[in-house]
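Next comes entry_25.cif, with mmCIF, C-alpha atoms.
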```
data_final
loop_
_atom_site.label_atom_id
_atom_site.label_comp_id
_atom_site.auth_asym_id
_atom_site.auth_seq_id
_atom_site.Cartn_x
_atom_site.Cartn_y
_atom_site.Cartn_z
CA ILE A 49 -22.81 53.41 -3.49
CA SER A 50 -24.48 56.81 -3.65
CA GLY A 51 -23.89 60.03 -1.78
CA PRO A 52 -22.96 63.67 -2.36
CA MET A 53 -19.48 64.89 -3.17
CA ALA A 54 -17.02 64.13 -0.33
CA SER A 55 -19.56 61.99 1.52
CA GLY A 56 -17.21 59.01 1.78
CA LYS A 57 -18.15 56.85 -1.21
CA THR A 58 -14.58 55.83 -2.07
CA ALA A 59 -13.77 55.10 1.56
CA MET A 60 -16.87 52.91 1.82
CA ALA A 61 -15.92 51.05 -1.36
CA ASN A 62 -12.41 50.40 -0.05
CA ILE A 63 -13.81 49.13 3.26
CA LEU A 64 -16.08 46.71 1.38
CA VAL A 65 -13.18 45.44 -0.70
CA ARG A 66 -10.99 44.88 2.38
CA ARG A 67 -13.81 43.02 4.13
CA ILE A 68 -14.32 40.77 1.11
CA ASN A 69 -10.65 40.07 0.42
CA PRO A 70 -7.90 42.03 2.22
CA LEU A 71 -5.38 41.15 -0.50
CA LEU A 72 -7.41 42.64 -3.36
CA LYS A 73 -6.33 45.76 -5.24
CA PRO A 74 -9.35 47.12 -7.11
CA VAL A 75 -9.17 48.49 -10.63
CA PHE A 76 -10.46 52.07 -10.84
CA VAL A 77 -12.30 53.31 -13.92
CA LYS A 78 -12.37 57.12 -14.03
CA PRO A 79 -13.09 59.84 -16.60
CA GLU A 80 -10.17 60.64 -18.86
CA GLU A 81 -8.98 64.26 -18.63
CA ASN A 82 -12.14 65.52 -16.88
CA LYS A 83 -14.38 64.06 -19.59
CA MET A 84 -17.02 61.33 -19.50
CA ILE A 85 -16.36 57.62 -19.00
CA GLY A 86 -16.69 56.28 -22.52
CA ILE A 87 -17.71 53.03 -24.11
CA ASP A 88 -14.11 52.00 -24.89
CA GLN A 89 -13.21 52.15 -21.20
CA VAL A 90 -16.20 49.99 -20.32
CA ARG A 91 -15.41 47.47 -23.06
CA GLU A 92 -11.88 47.19 -21.70
CA LEU A 93 -13.33 46.67 -18.22
CA ASN A 94 -15.75 44.02 -19.51
CA SER A 95 -12.83 42.10 -20.97
CA LEU A 96 -10.89 42.34 -17.73
CA MET A 97 -13.85 41.25 -15.58
CA SER A 98 -14.71 38.29 -17.83
CA ARG A 99 -11.88 36.20 -16.37
CA LYS A 100 -13.44 33.60 -14.11
CA SER A 101 -11.88 32.36 -10.90
CA SER A 102 -12.20 29.01 -9.19
CA GLY A 103 -13.78 28.76 -5.76
CA ASP A 104 -16.04 31.21 -3.92
CA LEU A 105 -13.45 33.90 -3.17
CA VAL A 106 -13.79 37.28 -4.91
CA THR A 107 -10.53 37.81 -6.80
CA SER A 108 -11.25 40.83 -8.99
CA VAL A 109 -13.01 44.10 -8.16
CA ALA A 110 -13.55 47.18 -10.31
CA ILE A 111 -14.68 50.56 -8.98
CA ILE A 112 -16.30 52.96 -11.45
CA ALA A 113 -16.12 56.51 -10.13
CA PRO A 114 -18.08 58.61 -10.71
CA ALA A 115 -20.44 56.18 -12.41
CA ASP A 116 -22.87 59.00 -13.20
CA LEU A 117 -20.29 60.30 -15.68
CA MET A 118 -20.62 57.22 -17.88
CA THR A 119 -22.11 57.98 -21.26
CA GLU A 120 -25.38 56.24 -22.09
CA GLU A 121 -23.51 54.01 -24.54
CA ALA A 122 -21.01 53.06 -21.84
CA GLN A 123 -23.81 52.21 -19.41
CA ASN A 124 -25.52 50.02 -21.99
CA ALA A 125 -22.21 48.26 -22.69
CA LEU A 126 -21.92 47.43 -18.98
CA LEU A 127 -25.35 45.79 -18.68
CA LYS A 128 -24.39 42.23 -19.59
CA THR A 129 -21.42 42.23 -17.21
CA LEU A 130 -23.65 43.51 -14.39
CA GLU A 131 -26.35 40.93 -15.14
CA GLU A 132 -24.02 37.97 -15.55
CA PRO A 133 -20.80 38.75 -13.65
CA ALA A 134 -17.99 36.23 -13.96
CA ALA A 135 -17.39 34.03 -10.92
CA GLY A 136 -15.19 35.78 -8.37
CA SER A 137 -15.77 39.29 -9.74
CA MET A 138 -17.48 42.39 -8.38
CA ILE A 139 -18.15 45.85 -9.80
CA ILE A 140 -18.79 48.80 -7.48
CA LEU A 141 -20.36 51.94 -8.93
CA LEU A 142 -19.96 55.25 -7.08
CA ALA A 143 -22.52 57.93 -7.93
CA ARG A 144 -23.68 61.23 -6.45
CA GLN A 145 -27.25 60.50 -7.52
CA VAL A 146 -28.41 57.06 -8.61
CA ASN A 147 -31.22 58.51 -10.71
CA THR A 148 -28.59 59.82 -13.13
CA LEU A 149 -27.93 56.19 -14.11
CA LEU A 150 -30.09 54.26 -16.56
CA PRO A 151 -32.95 52.33 -14.89
CA THR A 152 -31.58 49.16 -16.48
CA VAL A 153 -28.26 49.73 -14.70
CA MET A 154 -29.87 50.52 -11.33
CA SER A 155 -32.08 47.42 -11.50
CA ARG A 156 -28.97 45.25 -11.69
CA CYS A 157 -27.28 46.79 -8.65
CA LYS A 158 -27.73 46.73 -4.89
CA ILE A 159 -27.94 50.39 -3.84
CA LEU A 160 -26.15 51.56 -0.70
CA LYS A 161 -26.74 55.18 0.34
CA ILE A 162 -24.30 57.06 2.53
CA LEU A 163 -26.26 59.00 5.14
CA PRO A 164 -25.09 61.93 7.26
CA VAL A 165 -24.23 61.39 10.91
CA SER A 166 -26.04 63.32 13.62
CA GLU A 167 -24.46 66.43 15.11
CA VAL A 168 -24.46 64.70 18.52
CA ASP A 169 -22.48 61.74 17.13
CA ALA A 170 -20.08 64.08 15.32
CA SER A 171 -19.42 66.05 18.51
CA ALA A 172 -18.80 62.85 20.47
CA HIS A 173 -16.44 61.46 17.81
CA TYR A 174 -14.39 64.66 17.57
CA GLU A 175 -14.48 65.54 21.27
CA GLY A 176 -10.89 66.81 21.20
CA TYR A 177 -11.79 69.65 18.83
CA ASP A 178 -13.21 73.06 19.67
CA PRO A 179 -17.05 72.75 19.72
CA SER A 180 -17.43 75.84 17.51
CA GLU A 181 -15.13 74.27 14.88
CA ILE A 182 -17.11 71.03 14.99
CA LYS A 183 -20.34 73.03 14.54
CA ARG A 184 -18.90 74.90 11.56
CA ALA A 185 -17.55 71.71 9.95
CA TYR A 186 -20.85 69.92 10.54
CA ILE A 187 -22.85 72.67 8.84
CA LEU A 188 -20.49 72.87 5.86
CA SER A 189 -20.30 69.08 5.46
CA ARG A 190 -24.04 68.57 6.07
CA GLY A 191 -22.95 65.76 8.36
CA TYR A 192 -21.34 63.60 5.68
CA PRO A 193 -18.35 61.79 7.23
CA GLU A 194 -15.57 62.37 4.69
CA ALA A 195 -16.31 66.07 4.23
CA LEU A 196 -16.69 66.57 7.98
CA THR A 197 -13.29 65.00 8.68
CA SER A 198 -11.62 66.84 5.79
CA ILE A 199 -12.88 70.24 6.91
CA LEU A 200 -11.94 69.70 10.55
CA LYS A 201 -8.46 68.42 9.71
CA ASN A 202 -8.01 70.63 6.63
CA GLU A 203 -7.04 67.52 4.65
CA ASN A 204 -8.91 67.96 1.39
CA GLU A 205 -7.53 70.94 -0.52
CA ASN A 206 -9.96 70.43 -3.42
CA LEU A 207 -12.96 70.51 -1.08
CA THR A 208 -11.69 73.62 0.72
CA ASN A 209 -10.96 75.36 -2.58
CA GLY A 210 -14.40 74.39 -3.91
CA LEU A 211 -16.19 75.85 -0.90
CA ASN A 212 -14.12 79.05 -1.08
CA GLU A 213 -14.89 79.25 -4.79
CA ALA A 214 -18.62 79.04 -4.03
CA LYS A 215 -18.31 81.80 -1.41
CA ASN A 216 -16.49 84.05 -3.90
CA PHE A 217 -19.11 83.25 -6.54
CA LEU A 218 -21.88 84.45 -4.23
CA SER A 219 -20.13 87.74 -3.49
CA ALA A 220 -19.26 88.48 -7.14
CA SER A 221 -21.22 90.76 -9.45
CA LYS A 222 -23.92 89.28 -11.68
CA PHE A 223 -21.71 89.79 -14.75
CA ASP A 224 -18.76 88.03 -13.12
CA ARG A 225 -21.00 85.15 -12.02
CA LEU A 226 -22.29 84.70 -15.55
CA CYS A 227 -18.74 84.74 -16.97
CA PHE A 228 -17.56 82.27 -14.35
CA ALA A 229 -20.50 79.94 -14.99
CA GLU A 230 -19.86 80.02 -18.75
CA ASP A 231 -16.15 79.27 -18.32
CA ASN A 232 -16.83 76.41 -15.88
CA LYS A 233 -20.01 74.80 -17.22
CA ASP A 234 -18.26 71.42 -17.49
CA ARG A 235 -17.95 71.54 -13.67
CA ALA A 236 -21.59 72.48 -13.19
CA GLY A 237 -22.39 69.57 -10.85
CA GLU A 238 -19.47 70.36 -8.55
CA LEU A 239 -20.23 74.09 -8.49
CA VAL A 240 -23.91 73.56 -7.72
CA ALA A 241 -23.10 71.07 -4.94
CA ASN A 242 -20.74 73.58 -3.30
CA LEU A 243 -23.29 76.39 -3.62
CA ILE A 244 -25.85 74.22 -1.82
CA ILE A 245 -23.40 73.54 1.00
CA VAL A 246 -22.33 77.17 1.41
CA THR A 247 -25.83 78.68 1.23
CA GLN A 248 -27.20 76.10 3.69
CA ALA A 249 -24.37 76.89 6.11
CA ALA A 250 -25.02 80.64 5.77
CA ILE A 251 -28.77 80.21 6.30
CA GLU A 252 -28.18 78.28 9.52
CA GLN A 253 -26.12 81.18 10.88
CA SER A 254 -29.35 83.28 11.10
CA PRO A 255 -28.24 86.29 9.01
CA PRO A 256 -30.24 89.56 8.76
CA ALA A 257 -33.68 89.20 7.17
CA ASN A 258 -32.78 90.72 3.78
CA ARG A 259 -29.71 88.52 3.38
CA LEU A 260 -31.59 85.47 4.63
CA HIS A 261 -34.26 85.99 1.97
CA LYS A 262 -31.59 86.22 -0.74
CA LEU A 263 -29.74 83.12 0.53
CA ILE A 264 -32.92 81.06 0.62
CA GLY A 265 -33.66 82.07 -2.97
CA ILE A 266 -30.17 81.09 -4.15
CA HIS A 267 -30.35 77.83 -2.20
CA LYS A 268 -33.67 76.90 -3.83
CA GLN A 269 -32.28 77.73 -7.27
CA ALA A 270 -29.20 75.60 -6.61
CA ARG A 271 -31.40 72.68 -5.51
CA LEU A 272 -33.44 73.07 -8.70
CA ALA A 273 -30.24 73.13 -10.76
CA GLU A 274 -29.10 69.95 -9.00
CA ARG A 275 -32.33 68.17 -9.97
CA GLN A 276 -32.09 69.47 -13.54
CA LEU A 277 -28.51 68.27 -13.88
CA ALA A 278 -29.58 64.87 -12.57
CA ALA A 279 -32.18 64.84 -15.35
CA LYS A 280 -29.31 65.59 -17.77
CA VAL A 281 -30.52 68.95 -19.01
CA ASN A 282 -28.19 71.23 -20.95
CA LYS A 283 -25.47 72.31 -18.46
CA LYS A 284 -25.30 75.80 -19.96
#
```

Write the structure described by the file as structure tokens, please.
Amino acid sequence: ISGPMASGKTAMANILVRRINPLLKPVFVKPEENKMIGIDQVRELNSLMSRKSSGDLVTSVAIIAPADLMTEEAQNALLKTLEEPAAGSMIILLARQVNTLLPTVMSRCKILKILPVSEVDASAHYEGYDPSEIKRAYILSRGYPEALTSILKNENENLTNGLNEAKNFLSASKFDRLCFAEDNKDRAGELVANLIIVTQAAIEQSPPANRLHKLIGIHKQARLAERQLAAKVNKK
């Protein structure tokens, strides 16, 4: 399942699991202490998912999130399990961008992309909210369901903090931005994603020409950085 940060990937995975078997409790594989998902974690998962079940019912599900933080060695270690899954097992990979995964991994998966909802549908769904708040939330979330709901209901503190962090980053001096980027390079993907959201939202507010020009430049640079990170360039 692919989609940007706070697009609803985990929610979609949980819906799939409940539809398949309401009694299932999936095993989550996540990075340890904000690091990558390593080969030892995948080997442990392979062992767990090798247990076969009788009948056609899915009895074991693992969710790897975010799958694009698996090391190359970990991805290679997962290949056999993806190609020849044990009876009754399923592995769900959640990734911001599928092209960050090895082609051999992608070729063994069915790819589901989370798409943004239209502004009309969002307004109809949240009809009890102030239209201006819906508009603001829609712009900031880019129409992705989980982010849209979180912003409107102020439910996701991490998302709110991330967007505020991006706003402060834009208003800081060049020196402070460089220092901040150096201190937080391990969070480069998250920072770039938030910069894209915030600059897009600001552009759509039709600011004065000089600020608009600057915002468009930053937005293009952030998009470029997103593509470069997907290609696994040096984060620094």

Note to self: Starting from the PyMOL selection byres ((chain A and resi 104) around 12), expand the selection into actual residues of this file and give them as an MDAnalysis selection string.
What the structure shows: chainID A and resid 68:69 100:103 105:108 134:137

Just give me the gap between CA of Leu150 in chain A and CA of Arg275 in chain A in Å, one decimal is fine.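 If I compute the distance from CA of Leu150 in chain A to CA of Arg275 in chain A, I get 15.6 Å.
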
Open item on the list: Can you tell me which residues surround range 157-172 of chain A at a distance of at most 7 Å, considering only C-alpha atoms, apart from same-chain residues fewer than 3 positions away, and format the answer as a PyMOL selection string?
Closed with: chain A and resi 49-51+55+153-154+175+182+186+190-193

Discussion item. Quick check, in Å to one decimal: how far apart do CA of Val77 in chain A and CA of Asn212 in chain A lie?
Written reply: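 Calculated distance between CA of Val77 in chain A and CA of Asn212 in chain A is 28.8 Å.
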
Check: Looking at all atoms listed in the file, which of A:Ser219, A:Ser155, A:Asn209, A:Thr58 is the one that sits closest to Leu263 in chain A?
Finding: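 Of A:Ser219, A:Ser155, A:Asn209, A:Thr58, the one nearest Leu263 in chain A is A:Ser219, counting all atoms listed in the file.
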
Q: Can you pull out every residue within 12 Å of range 243-257 of chain A, counting all atoms listed in the file, but drop anything in the same chain fewer than 3 positions away, and send it as an MDAnalysis selection string?
A: chainID A and resid 52:54 183:192 195:196 207:208 210:219 236:240 260:274

Fill in: CA of Arg144 in chain A to CA of Val75 in chain A, straight-line distance in Å
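Interatomic distance here is 19.8 Å.
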
Of the listed residues A:Leu93, A:Met84, A:Ala122, A:Ala115, that which approaches Gln145 in chain A most closely, counting all atoms listed in the file: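 Nearest to Gln145 in chain A: A:Ala115.
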
Check which residues satisfy the PyMOL selection byres ((chain A and resi 94) around 12) in the file shown, then give them as a count of residues only.
34

N, CA, C and O atoms modelled onto range 111-122 of chain A, as an mmCIF file, keeping the file's coordinate frame:
```cif
data_model
loop_
_atom_site.group_PDB
_atom_site.id
_atom_site.type_symbol
_atom_site.label_atom_id
_atom_site.label_comp_id
_atom_site.auth_asym_id
_atom_site.auth_seq_id
_atom_site.Cartn_x
_atom_site.Cartn_y
_atom_site.Cartn_z
ATOM 1 N N ILE A 111 -13.916 49.442 -9.546
ATOM 2 C CA ILE A 111 -14.680 50.560 -8.980
ATOM 3 C C ILE A 111 -14.816 51.635 -10.061
ATOM 4 O O ILE A 111 -13.813 52.153 -10.558
ATOM 5 N N ILE A 112 -16.043 51.935 -10.441
ATOM 6 C CA ILE A 112 -16.300 52.960 -11.450
ATOM 7 C C ILE A 112 -16.702 54.251 -10.722
ATOM 8 O O ILE A 112 -17.708 54.280 -10.011
ATOM 9 N N ALA A 113 -15.887 55.286 -10.900
ATOM 10 C CA ALA A 113 -16.120 56.510 -10.130
ATOM 11 C C ALA A 113 -15.739 57.766 -10.932
ATOM 12 O O ALA A 113 -14.609 57.862 -11.396
ATOM 13 N N PRO A 114 -16.666 58.708 -11.070
ATOM 14 C CA PRO A 114 -18.080 58.610 -10.710
ATOM 15 C C PRO A 114 -18.875 57.922 -11.816
ATOM 16 O O PRO A 114 -18.726 58.277 -12.992
ATOM 17 N N ALA A 115 -19.690 56.955 -11.424
ATOM 18 C CA ALA A 115 -20.440 56.180 -12.410
ATOM 19 C C ALA A 115 -21.455 57.032 -13.154
ATOM 20 O O ALA A 115 -21.829 56.715 -14.288
ATOM 21 N N ASP A 116 -21.902 58.147 -12.523
ATOM 22 C CA ASP A 116 -22.870 59.000 -13.200
ATOM 23 C C ASP A 116 -22.246 59.839 -14.304
ATOM 24 O O ASP A 116 -22.924 60.633 -14.947
ATOM 25 N N LEU A 117 -20.938 59.657 -14.537
ATOM 26 C CA LEU A 117 -20.290 60.300 -15.680
ATOM 27 C C LEU A 117 -20.060 59.321 -16.829
ATOM 28 O O LEU A 117 -19.355 59.626 -17.779
ATOM 29 N N MET A 118 -20.656 58.136 -16.736
ATOM 30 C CA MET A 118 -20.620 57.220 -17.880
ATOM 31 C C MET A 118 -21.596 57.711 -18.949
ATOM 32 O O MET A 118 -22.709 58.142 -18.634
ATOM 33 N N THR A 119 -21.186 57.652 -20.181
ATOM 34 C CA THR A 119 -22.110 57.980 -21.260
ATOM 35 C C THR A 119 -23.198 56.906 -21.309
ATOM 36 O O THR A 119 -23.057 55.817 -20.748
ATOM 37 N N GLU A 120 -24.290 57.219 -21.977
ATOM 38 C CA GLU A 120 -25.380 56.240 -22.090
ATOM 39 C C GLU A 120 -24.895 54.984 -22.802
ATOM 40 O O GLU A 120 -25.261 53.856 -22.430
ATOM 41 N N GLU A 121 -24.052 55.168 -23.822
ATOM 42 C CA GLU A 121 -23.510 54.010 -24.540
ATOM 43 C C GLU A 121 -22.644 53.148 -23.622
ATOM 44 O O GLU A 121 -22.689 51.915 -23.687
ATOM 45 N N ALA A 122 -21.862 53.799 -22.770
ATOM 46 C CA ALA A 122 -21.010 53.060 -21.840
ATOM 47 C C ALA A 122 -21.861 52.279 -20.840
ATOM 48 O O ALA A 122 -21.556 51.120 -20.508
#
```
